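K.L.:
The file below is input.pdb, PDB, C-alpha atoms:
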ATOM      1  CA  MET A   1     133.602  89.326 109.139
ATOM      2  CA  SER A   2     133.299  88.438 105.478
ATOM      3  CA  THR A   3     131.715  91.226 103.457
ATOM      4  CA  SER A   4     130.515  88.610 100.971
ATOM      5  CA  LEU A   5     127.967  87.400 103.524
ATOM      6  CA  LEU A   6     126.644  90.902 104.125
ATOM      7  CA  SER A   7     126.354  91.521 100.395
ATOM      8  CA  ARG A   8     123.928  88.583 100.153
ATOM      9  CA  CYS A   9     121.779  89.816 103.030
ATOM     10  CA  ASN A  10     118.837  92.190 102.941
ATOM     11  CA  PHE A  11     119.285  94.548 105.876
ATOM     12  CA  PRO A  12     117.739  98.027 106.043
ATOM     13  CA  PRO A  13     119.904 101.194 105.921
ATOM     14  CA  CYS A  14     122.524 101.855 108.573
ATOM     15  CA  GLY A  15     120.990 103.254 111.756
ATOM     16  CA  THR A  16     117.584 101.640 111.289
ATOM     17  CA  PRO A  17     116.162 100.293 114.583
ATOM     18  CA  VAL A  18     115.510  96.552 114.282
ATOM     19  CA  VAL A  19     114.354  93.774 116.583
ATOM     20  CA  CYS A  20     116.037  90.411 116.051
ATOM     21  CA  ALA A  21     114.491  87.158 117.239
ATOM     22  CA  PHE A  22     117.409  85.634 119.122
ATOM     23  CA  SER A  23     117.154  82.027 120.269
ATOM     24  CA  GLY A  24     120.936  81.763 120.645
ATOM     25  CA  GLY A  25     121.216  79.139 117.911
ATOM     26  CA  PRO A  26     123.694  79.542 115.041
ATOM     27  CA  ASP A  27     121.228  81.127 112.617
ATOM     28  CA  SER A  28     119.834  83.738 114.995
ATOM     29  CA  THR A  29     123.315  84.442 116.370
ATOM     30  CA  ALA A  30     124.560  85.091 112.841
ATOM     31  CA  LEU A  31     121.492  87.276 112.258
ATOM     32  CA  VAL A  32     122.315  89.487 115.241
ATOM     33  CA  ALA A  33     126.010  89.667 114.361
ATOM     34  CA  LEU A  34     125.303  90.559 110.726
ATOM     35  CA  ALA A  35     122.625  93.115 111.635
ATOM     36  CA  ALA A  36     125.103  94.812 113.949
ATOM     37  CA  ALA A  37     127.798  94.693 111.248
ATOM     38  CA  ALA A  38     125.339  96.272 108.807
ATOM     39  CA  GLY A  39     125.058  99.224 111.181
ATOM     40  CA  CYS A  40     121.483  98.574 112.302
ATOM     41  CA  ASP A  41     120.344  99.731 115.742
ATOM     42  CA  VAL A  42     119.800  96.202 117.019
ATOM     43  CA  GLU A  43     117.760  94.885 119.935
ATOM     44  CA  ALA A  44     118.133  91.132 120.418
ATOM     45  CA  VAL A  45     115.061  89.536 122.012
ATOM     46  CA  HIS A  46     115.204  86.025 123.422
ATOM     47  CA  ILE A  47     111.994  84.138 124.219
ATOM     48  CA  ASP A  48     112.165  81.409 126.830
ATOM     49  CA  HIS A  49     109.316  79.005 126.096
ATOM     50  CA  GLY A  50     110.029  77.073 129.292
ATOM     51  CA  LEU A  51     109.619  73.720 127.571
ATOM     52  CA  ARG A  52     112.901  72.288 128.890
ATOM     53  CA  PRO A  53     114.249  72.326 132.453
ATOM     54  CA  ASP A  54     117.486  73.872 131.204
ATOM     55  CA  SER A  55     115.896  76.487 128.928
ATOM     56  CA  ALA A  56     117.105  79.326 131.166
ATOM     57  CA  ALA A  57     120.666  78.377 130.228
ATOM     58  CA  ASP A  58     119.854  79.258 126.603
ATOM     59  CA  ALA A  59     118.962  82.774 127.707
ATOM     60  CA  ASP A  60     122.273  83.048 129.568
ATOM     61  CA  ILE A  61     124.227  82.070 126.451
ATOM     62  CA  ALA A  62     122.221  84.506 124.319
ATOM     63  CA  ARG A  63     122.752  87.292 126.855
ATOM     64  CA  SER A  64     126.511  86.690 126.876
ATOM     65  CA  THR A  65     126.632  86.703 123.070
ATOM     66  CA  ALA A  66     124.660  89.948 122.853
ATOM     67  CA  ALA A  67     127.058  91.559 125.323
ATOM     68  CA  LYS A  68     130.039  90.405 123.270
ATOM     69  CA  LEU A  69     128.474  91.939 120.165
ATOM     70  CA  GLY A  70     127.581  95.151 122.031
ATOM     71  CA  VAL A  71     123.880  94.680 121.335
ATOM     72  CA  PRO A  72     121.022  95.475 123.765
ATOM     73  CA  PHE A  73     119.387  92.282 124.978
ATOM     74  CA  ARG A  74     115.979  91.401 126.375
ATOM     75  CA  SER A  75     114.731  88.020 127.537
ATOM     76  CA  VAL A  76     111.018  87.265 127.816
ATOM     77  CA  ALA A  77     109.692  84.182 129.604
ATOM     78  CA  VAL A  78     106.379  82.887 128.278
ATOM     79  CA  GLU A  79     104.062  80.116 129.374
ATOM     80  CA  LEU A  80     103.776  77.373 126.788
ATOM     81  CA  HIS A  81     102.713  73.799 127.421
ATOM     82  CA  ASP A  82     103.627  70.780 125.346
ATOM     83  CA  GLY A  83     100.841  69.231 123.313
ATOM     84  CA  PRO A  84      99.070  69.458 119.962
ATOM     85  CA  ASN A  85     100.047  72.230 117.520
ATOM     86  CA  LEU A  86     103.068  73.093 119.645
ATOM     87  CA  GLU A  87     105.038  74.666 116.795
ATOM     88  CA  ALA A  88     102.131  76.847 115.693
ATOM     89  CA  ARG A  89     101.371  77.960 119.247
ATOM     90  CA  ALA A  90     105.034  78.777 119.887
ATOM     91  CA  ARG A  91     105.169  80.754 116.634
ATOM     92  CA  ASP A  92     102.067  82.746 117.603
ATOM     93  CA  ILE A  93     103.559  83.596 120.989
ATOM     94  CA  ARG A  94     106.816  84.717 119.423
ATOM     95  CA  ARG A  95     104.970  86.967 116.999
ATOM     96  CA  SER A  96     102.964  88.545 119.795
ATOM     97  CA  VAL A  97     106.121  89.271 121.793
ATOM     98  CA  LEU A  98     108.416  90.317 118.954
ATOM     99  CA  GLY A  99     105.946  92.238 116.820
ATOM    100  CA  PRO A 100     105.227  91.814 113.105
ATOM    101  CA  GLU A 101     108.351  93.645 111.916
ATOM    102  CA  ALA A 102     110.895  91.553 113.836
ATOM    103  CA  MET A 103     113.736  89.938 111.930
ATOM    104  CA  THR A 104     114.165  86.180 111.995
ATOM    105  CA  GLY A 105     117.203  84.054 111.159
ATOM    106  CA  HIS A 106     115.621  81.901 108.466
ATOM    107  CA  THR A 107     118.120  80.548 105.955
ATOM    108  CA  ALA A 108     118.008  78.887 102.533
ATOM    109  CA  GLU A 109     117.498  75.513 104.221
ATOM    110  CA  ASP A 110     114.425  76.859 106.019
ATOM    111  CA  GLN A 111     113.121  78.097 102.671
ATOM    112  CA  ALA A 112     113.582  74.673 101.068
ATOM    113  CA  GLU A 113     111.898  72.948 104.018
ATOM    114  CA  THR A 114     108.976  75.380 103.910
ATOM    115  CA  MET A 115     108.466  74.672 100.223
ATOM    116  CA  LEU A 116     108.420  70.909 100.776
ATOM    117  CA  LEU A 117     106.025  71.239 103.711
ATOM    118  CA  ALA A 118     103.705  73.263 101.482
ATOM    119  CA  LEU A 119     103.954  70.556  98.833
ATOM    120  CA  LEU A 120     102.940  67.930 101.407
ATOM    121  CA  ARG A 121      99.864  70.053 102.198
ATOM    122  CA  GLY A 122      98.894  70.218  98.528
ATOM    123  CA  SER A 123      99.533  73.962  98.263
ATOM    124  CA  GLY A 124      99.496  75.902  95.014
ATOM    125  CA  ALA A 125     102.011  78.467  93.793
ATOM    126  CA  THR A 126     101.528  80.803  96.758
ATOM    127  CA  GLY A 127     102.464  78.129  99.282
ATOM    128  CA  LEU A 128     105.207  76.638  97.136
ATOM    129  CA  ALA A 129     106.807  80.075  96.789
ATOM    130  CA  ALA A 130     107.518  79.646 100.523
ATOM    131  CA  MET A 131     108.732  82.645 102.528
ATOM    132  CA  GLN A 132     108.765  86.115 101.022
ATOM    133  CA  PRO A 133     112.308  87.498 100.972
ATOM    134  CA  GLY A 134     112.687  90.916 102.513
ATOM    135  CA  PRO A 135     113.926  92.871 105.533
ATOM    136  CA  GLY A 136     112.066  90.588 107.940
ATOM    137  CA  LYS A 137     114.137  87.629 106.747
ATOM    138  CA  PRO A 138     117.431  89.286 105.797
ATOM    139  CA  ILE A 139     119.657  86.183 105.768
ATOM    140  CA  LEU A 140     117.354  83.977 103.691
ATOM    141  CA  ALA A 141     120.016  83.577 100.998
ATOM    142  CA  LEU A 142     122.610  82.194 103.419
ATOM    143  CA  ARG A 143     123.207  78.511 104.139
ATOM    144  CA  ARG A 144     123.246  76.971 107.611
ATOM    145  CA  TYR A 145     126.877  75.984 107.336
ATOM    146  CA  GLU A 146     127.681  79.644 106.657
ATOM    147  CA  THR A 147     125.903  80.873 109.778
ATOM    148  CA  LEU A 148     127.688  78.264 111.870
ATOM    149  CA  ASP A 149     131.035  79.132 110.290
ATOM    150  CA  LEU A 150     130.445  82.799 111.060
ATOM    151  CA  CYS A 151     129.736  82.056 114.719
ATOM    152  CA  THR A 152     132.927  80.002 114.899
ATOM    153  CA  GLU A 153     134.910  82.774 113.185
ATOM    154  CA  LEU A 154     133.635  85.318 115.723
ATOM    155  CA  GLY A 155     134.175  83.004 118.693
ATOM    156  CA  LEU A 156     130.499  83.060 119.653
ATOM    157  CA  SER A 157     128.944  80.263 121.692
ATOM    158  CA  VAL A 158     125.657  78.954 120.315
ATOM    159  CA  VAL A 159     122.664  77.067 121.660
ATOM    160  CA  HIS A 160     121.812  73.641 120.238
ATOM    161  CA  ASP A 161     118.101  73.027 120.816
ATOM    162  CA  PRO A 162     117.333  69.269 120.952
ATOM    163  CA  SER A 163     113.783  69.931 119.734
ATOM    164  CA  ASN A 164     115.282  70.632 116.294
ATOM    165  CA  SER A 165     115.931  66.893 116.011
ATOM    166  CA  ASP A 166     112.619  65.678 117.447
ATOM    167  CA  PRO A 167     110.980  63.515 114.734
ATOM    168  CA  ARG A 168     107.463  64.229 116.006
ATOM    169  CA  PHE A 169     107.724  67.599 114.261
ATOM    170  CA  ARG A 170     107.165  67.231 110.524
ATOM    171  CA  ARG A 171     109.667  69.953 109.657
ATOM    172  CA  ASN A 172     112.409  67.958 111.381
ATOM    173  CA  ARG A 173     111.594  64.852 109.358
ATOM    174  CA  VAL A 174     111.690  66.931 106.175
ATOM    175  CA  ARG A 175     115.036  68.369 107.285
ATOM    176  CA  HIS A 176     116.753  65.202 108.428
ATOM    177  CA  GLU A 177     115.076  62.549 106.288
ATOM    178  CA  LEU A 178     113.350  63.878 103.172
ATOM    179  CA  ILE A 179     115.958  66.393 102.035
ATOM    180  CA  GLU A 180     118.770  63.959 102.752
ATOM    181  CA  LEU A 181     116.983  61.343 100.635
ATOM    182  CA  MET A 182     116.458  63.873  97.849
ATOM    183  CA  ASN A 183     120.144  64.780  97.949
ATOM    184  CA  ASP A 184     120.992  61.112  97.593
ATOM    185  CA  ILE A 185     118.582  60.528  94.701
ATOM    186  CA  ALA A 186     119.628  63.699  92.869
ATOM    187  CA  GLU A 187     123.296  63.085  93.669
ATOM    188  CA  ARG A 188     123.615  66.754  94.505
ATOM    189  CA  ASP A 189     122.587  69.410  97.031
ATOM    190  CA  VAL A 190     118.897  70.050  96.276
ATOM    191  CA  THR A 191     118.463  73.108  98.508
ATOM    192  CA  PRO A 192     119.560  75.590  95.784
ATOM    193  CA  LEU A 193     117.232  73.834  93.325
ATOM    194  CA  LEU A 194     114.257  74.101  95.678
ATOM    195  CA  THR A 195     114.887  77.727  96.537
ATOM    196  CA  ARG A 196     115.291  78.601  92.850
ATOM    197  CA  ALA A 197     111.999  76.862  92.041
ATOM    198  CA  GLY A 198     110.384  78.844  94.848
ATOM    199  CA  ASP A 199     111.713  82.092  93.391
ATOM    200  CA  LEU A 200     110.281  81.241  89.964
ATOM    201  CA  LEU A 201     106.917  80.311  91.457
ATOM    202  CA  ARG A 202     106.895  83.544  93.466
ATOM    203  CA  ASP A 203     107.309  85.574  90.283
ATOM    204  CA  ASP A 204     104.397  83.708  88.677
ATOM    205  CA  ASP A 205     102.350  84.095  91.846
ATOM    206  CA  GLU A 206     102.866  87.859  91.959
ATOM    207  CA  LEU A 207     101.912  88.192  88.291
ATOM    208  CA  LEU A 208      98.687  86.229  88.785
ATOM    209  CA  ASP A 209      97.860  88.286  91.871
ATOM    210  CA  ALA A 210      98.282  91.474  89.857
ATOM    211  CA  LEU A 211      96.117  90.144  87.024
ATOM    212  CA  SER A 212      93.348  89.162  89.449
ATOM    213  CA  ALA A 213      93.390  92.422  91.419
ATOM    214  CA  ASP A 214      90.709  94.152  89.316
ATOM    215  CA  LEU A 215      88.329  91.186  89.237
ATOM    216  CA  ASP A 216      85.097  91.982  91.129
ATOM    217  CA  VAL A 217      84.726  88.929  93.304
ATOM    218  CA  THR A 218      81.073  89.717  94.062
ATOM    219  CA  ASP A 219      80.175  89.680  90.360
ATOM    220  CA  ALA A 220      79.084  86.092  89.738
ATOM    221  CA  LYS A 221      79.171  86.432  85.967
ATOM    222  CA  ALA A 222      82.646  87.955  86.000
ATOM    223  CA  LEU A 223      83.893  85.094  88.175
ATOM    224  CA  THR A 224      82.465  82.410  85.915
ATOM    225  CA  VAL A 225      83.923  83.860  82.699
ATOM    226  CA  ALA A 226      87.324  84.771  84.163
ATOM    227  CA  PRO A 227      90.228  82.325  83.831
ATOM    228  CA  VAL A 228      89.866  79.920  86.741
ATOM    229  CA  PRO A 229      93.321  80.692  88.261
ATOM    230  CA  LEU A 230      92.402  84.385  88.470
ATOM    231  CA  ALA A 231      88.925  83.688  89.860
ATOM    232  CA  ARG A 232      90.386  81.425  92.521
ATOM    233  CA  ARG A 233      92.896  84.082  93.568
ATOM    234  CA  ALA A 234      90.228  86.758  93.830
ATOM    235  CA  ILE A 235      88.118  84.483  96.036
ATOM    236  CA  ARG A 236      91.105  83.550  98.219
ATOM    237  CA  ARG A 237      91.921  87.212  98.749
ATOM    238  CA  TRP A 238      88.258  87.956  99.600
ATOM    239  CA  LEU A 239      87.933  85.177 102.160
ATOM    240  CA  THR A 240      91.346  85.276 103.861
ATOM    241  CA  LEU A 241      91.035  85.857 107.612
ATOM    242  CA  ASP A 242      94.037  86.755 109.778
ATOM    243  CA  ASP A 243      96.504  85.525 107.137
ATOM    244  CA  HIS A 244      94.636  82.210 106.876
ATOM    245  CA  PRO A 245      93.407  81.707 103.300
ATOM    246  CA  PRO A 246      90.481  79.392 102.554
ATOM    247  CA  SER A 247      91.114  75.855 101.372
ATOM    248  CA  ALA A 248      91.022  74.928  97.696
ATOM    249  CA  ALA A 249      87.778  73.014  98.345
ATOM    250  CA  THR A 250      86.199  76.131  99.849
ATOM    251  CA  VAL A 251      87.226  78.222  96.844
ATOM    252  CA  ASP A 252      85.690  75.669  94.495
ATOM    253  CA  ARG A 253      82.430  75.764  96.484
ATOM    254  CA  VAL A 254      82.296  79.535  96.009
ATOM    255  CA  LEU A 255      82.816  79.048  92.269
ATOM    256  CA  ASP A 256      79.874  76.624  92.289
ATOM    257  CA  VAL A 257      77.704  79.301  93.905
ATOM    258  CA  ALA A 258      78.843  81.851  91.312
ATOM    259  CA  ALA A 259      78.005  79.401  88.525
ATOM    260  CA  GLY A 260      74.564  78.711  90.009
ATOM    261  CA  THR A 261      75.184  75.010  90.623
ATOM    262  CA  SER A 262      74.962  75.578  94.395
ATOM    263  CA  VAL A 263      72.603  77.837  96.299
ATOM    264  CA  ALA A 264      75.071  78.856  99.009
ATOM    265  CA  CYS A 265      78.163  77.753 100.906
ATOM    266  CA  GLU A 266      79.851  78.371 104.237
ATOM    267  CA  PRO A 267      83.540  79.283 103.849
ATOM    268  CA  GLY A 268      84.313  79.081 107.567
ATOM    269  CA  GLY A 269      84.810  81.784 110.152
ATOM    270  CA  HIS A 270      81.051  81.924 110.853
ATOM    271  CA  ARG A 271      80.348  83.176 107.348
ATOM    272  CA  ARG A 272      77.968  82.281 104.546
ATOM    273  CA  ILE A 273      78.012  83.149 100.842
ATOM    274  CA  GLU A 274      74.789  83.400  98.827
ATOM    275  CA  ARG A 275      74.005  84.481  95.291
ATOM    276  CA  SER A 276      71.321  87.075  94.631
ATOM    277  CA  GLY A 277      70.863  87.757  90.949
ATOM    278  CA  GLN A 278      74.364  88.216  89.593
ATOM    279  CA  ARG A 279      75.901  89.233  92.923
ATOM    280  CA  LEU A 280      77.601  87.168  95.613
ATOM    281  CA  ARG A 281      76.951  88.324  99.153
ATOM    282  CA  LEU A 282      79.030  87.432 102.195
ATOM    283  CA  PHE A 283      77.144  87.239 105.482
ATOM    284  CA  SER A 284      78.306  86.877 109.048
ATOM    285  CA  THR A 285      76.536  84.038 110.848
ATOM    286  CA  GLY A 286      78.300  84.312 114.195
ATOM    287  CA  PRO A 287      80.818  86.175 116.322
ATOM    288  CA  THR A 288      83.511  86.496 113.621
ATOM    289  CA  ASP A 289      82.716  89.145 111.027
ATOM    290  CA  ARG A 290      84.511  89.691 107.736
TER     291      ARG A 290
END
Transcribe the structure of this file into structure tokens.

P.N.:
Amino acid sequence: MSTSLLSRCNFPPCGTPVVCAFSGGPDSTALVALAAAAGCDVEAVHIDHGLRPDSAADADIARSTAAKLGVPFRSVAVELHDGPNLEARARDIRRSVLGPEAMTGHTAEDQAETMLLALLRGSGATGLAAMQPGPGKPILALRRYETLDLCTELGLSVVHDPSNSDPRFRRNRVRHELIELMNDIAERDVTPLLTRAGDLLRDDDELLDALSADLDVTDAKALTVAPVPLARRAIRRWLTLDDHPPSAATVDRVLDVAAGTSVACEPGGHRRIERSGQRLRLFSTGPTDR
């Protein structure tokens, strides 16, 4: 196995127990192989969503690959029905099974796609910075062709999930249509450009977060005199529930309350914000408390 690939990965120290999300596709197969080569104590966990009649065959391929790599393997069957928000529901199930510290096989292409999806949602720097590099995404600097080449080099069979080409999923259209069009227009591979832009935005994002950390979000006067980007970040941090930040429109409504141009606003999650004197107060109005 090429040591140059490992040198671009972000695995924890040798002997560290890790859980790898293992669909059996090229990226997750490369993840498991590289984690094992890095000396991690690997457990490969396959989740069978049961969305295709032949999905059990994916688990068989993954099991065989894990055995070839000498890695403990576990397959978990979950109940998931097709329908609205399928990708989000599948992601939530995987997180609940794998745990928050599990490693995933996201690559540079996934990072570029995530950035473009955030752009289509109108996200700011935090969203455009895409995924945070780190031990949970150790192969984020690798390209898809490299993960596939590694599987071929090691003689490992891989799963090819047809849902990765289904145009009803926006990510697939970004992958197969938008990025290909951008490559054509730019007359070059845009993935490195997008990931580099994400890295630069992430640095800016972290700086602005640090600068806004000491801002008292309940102090209406402090919010109104602070630079707007810092005030917005403080409000977003205050109102984020379960990793779901408030919308830009919600943040602006809170700024209106701080400025005295609105009496109150409801930021979602059964909550209400009111101003009393120079203080903002956040109330629970239902079953979900902040």

K.L.:
Applied to the shown file, which residues does the PyMOL selection byres ((chain A and resi 244-250) around 12) return, written as a ChimeraX atom specification?

P.N.:
/A:121-124,126-127,229,231-243,251-257,264-269,271-273

K.L.:
Smallest atom-to-atom distance to Glu79 of chain A: which of A:Asp216, A:Asp54, A:Glu187, A:Asp48, using all atoms listed in the file?

P.N.:
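Smallest distance to Glu79 of chain A is found for A:Asp48.
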
K.L.:
Using all atoms listed in the file, collect all residues at a distance of at most 8 Å from (124.6, 85.8, 101.0) as written in the file, then present them as a list in words.

P.N.:
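Neighbouring residues, ordered by chain and number, come to Ser4, Leu5, Leu6, Ser7, Arg8, Cys9, Ile139, Leu140, Ala141 and Leu142 of chain A.
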
K.L.:
Write to file, as a PDB file, in the frame of the given file, the residues of the selection just made, with C-alpha atoms.

P.N.:
ATOM      1  CA  SER A   4     130.515  88.610 100.971  1.00  0.00           C
ATOM      2  CA  LEU A   5     127.967  87.400 103.524  1.00  0.00           C
ATOM      3  CA  LEU A   6     126.644  90.902 104.125  1.00  0.00           C
ATOM      4  CA  SER A   7     126.354  91.521 100.395  1.00  0.00           C
ATOM      5  CA  ARG A   8     123.928  88.583 100.153  1.00  0.00           C
ATOM      6  CA  CYS A   9     121.779  89.816 103.030  1.00  0.00           C
ATOM      7  CA  ILE A 139     119.657  86.183 105.768  1.00  0.00           C
ATOM      8  CA  LEU A 140     117.354  83.977 103.691  1.00  0.00           C
ATOM      9  CA  ALA A 141     120.016  83.577 100.998  1.00  0.00           C
ATOM     10  CA  LEU A 142     122.610  82.194 103.419  1.00  0.00           C
TER      11      LEU A 142
END

K.L.:
Using all atoms listed in the file, find all polymer residues with an atom at most 10 Å away from the point (119.3, 82.6, 114.4); report them as a list in words.

P.N.:
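Neighbouring residues, ordered by chain and number, come to Cys20, Ala21, Phe22, Ser23, Gly24, Gly25, Pro26, Asp27, Ser28, Thr29, Ala30, Leu31, Val32, Ala33, Met103, Thr104, Gly105, His106, Thr107, Ile139, Arg144, Thr147, Leu148, Val158 and Val159 of chain A.
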
K.L.:
Box along x, y and z, 4 Å on every side, all listed atoms of segment 203-216 of chain A inside: centre and edge lengths in Å to one decimal, as lines of an AutoDock Vina configuration file.

P.N.:
center_x = 96.2
center_y = 88.9
center_z = 89.5
size_x = 30.2
size_y = 18.4
size_z = 12.9

K.L.:
Which distance in Å separates atom CA of His81 of chain A and atom CA of Ala118 of chain A, to one decimal?

P.N.:
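Straight-line distance from atom CA of His81 of chain A to atom CA of Ala118 of chain A works out to 26.0 Å.
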
K.L.:
Can you translate the PyMOL selection byres ((chain A and resi 45) around 9) into the concrete residues it hits in this file, as a PyMOL selection string?

P.N.:
chain A and resi 19-23+43-44+46-47+72-76+97-98

K.L.:
Taking the file as shown, what set of residues would the PyMOL selection byres ((chain A and resi 202) around 12) give back, as a list in words?

P.N.:
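Evaluating the PyMOL selection byres ((chain A and resi 202) around 12) on these coordinates yields Met115, Gly124, Ala125, Thr126, Gly127, Leu128, Ala129, Ala130, Met131, Gln132, Pro133, Thr195, Arg196, Ala197, Gly198, Asp199, Leu200, Leu201, Asp203, Asp204, Asp205, Glu206, Leu207, Leu208 and Asp209 of chain A.
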
K.L.:
Let's have the selection written as a compact mmCIF listing (two decimals), keeping the file's coordinate frame, with C-alpha atoms.

P.N.:
# COMPACT_ATOMS: atom_id res chain seq x y z
CA MET A 115 108.47 74.67 100.22
CA GLY A 124 99.50 75.90 95.01
CA ALA A 125 102.01 78.47 93.79
CA THR A 126 101.53 80.80 96.76
CA GLY A 127 102.46 78.13 99.28
CA LEU A 128 105.21 76.64 97.14
CA ALA A 129 106.81 80.08 96.79
CA ALA A 130 107.52 79.65 100.52
CA MET A 131 108.73 82.64 102.53
CA GLN A 132 108.76 86.12 101.02
CA PRO A 133 112.31 87.50 100.97
CA THR A 195 114.89 77.73 96.54
CA ARG A 196 115.29 78.60 92.85
CA ALA A 197 112.00 76.86 92.04
CA GLY A 198 110.38 78.84 94.85
CA ASP A 199 111.71 82.09 93.39
CA LEU A 200 110.28 81.24 89.96
CA LEU A 201 106.92 80.31 91.46
CA ASP A 203 107.31 85.57 90.28
CA ASP A 204 104.40 83.71 88.68
CA ASP A 205 102.35 84.10 91.85
CA GLU A 206 102.87 87.86 91.96
CA LEU A 207 101.91 88.19 88.29
CA LEU A 208 98.69 86.23 88.78
CA ASP A 209 97.86 88.29 91.87
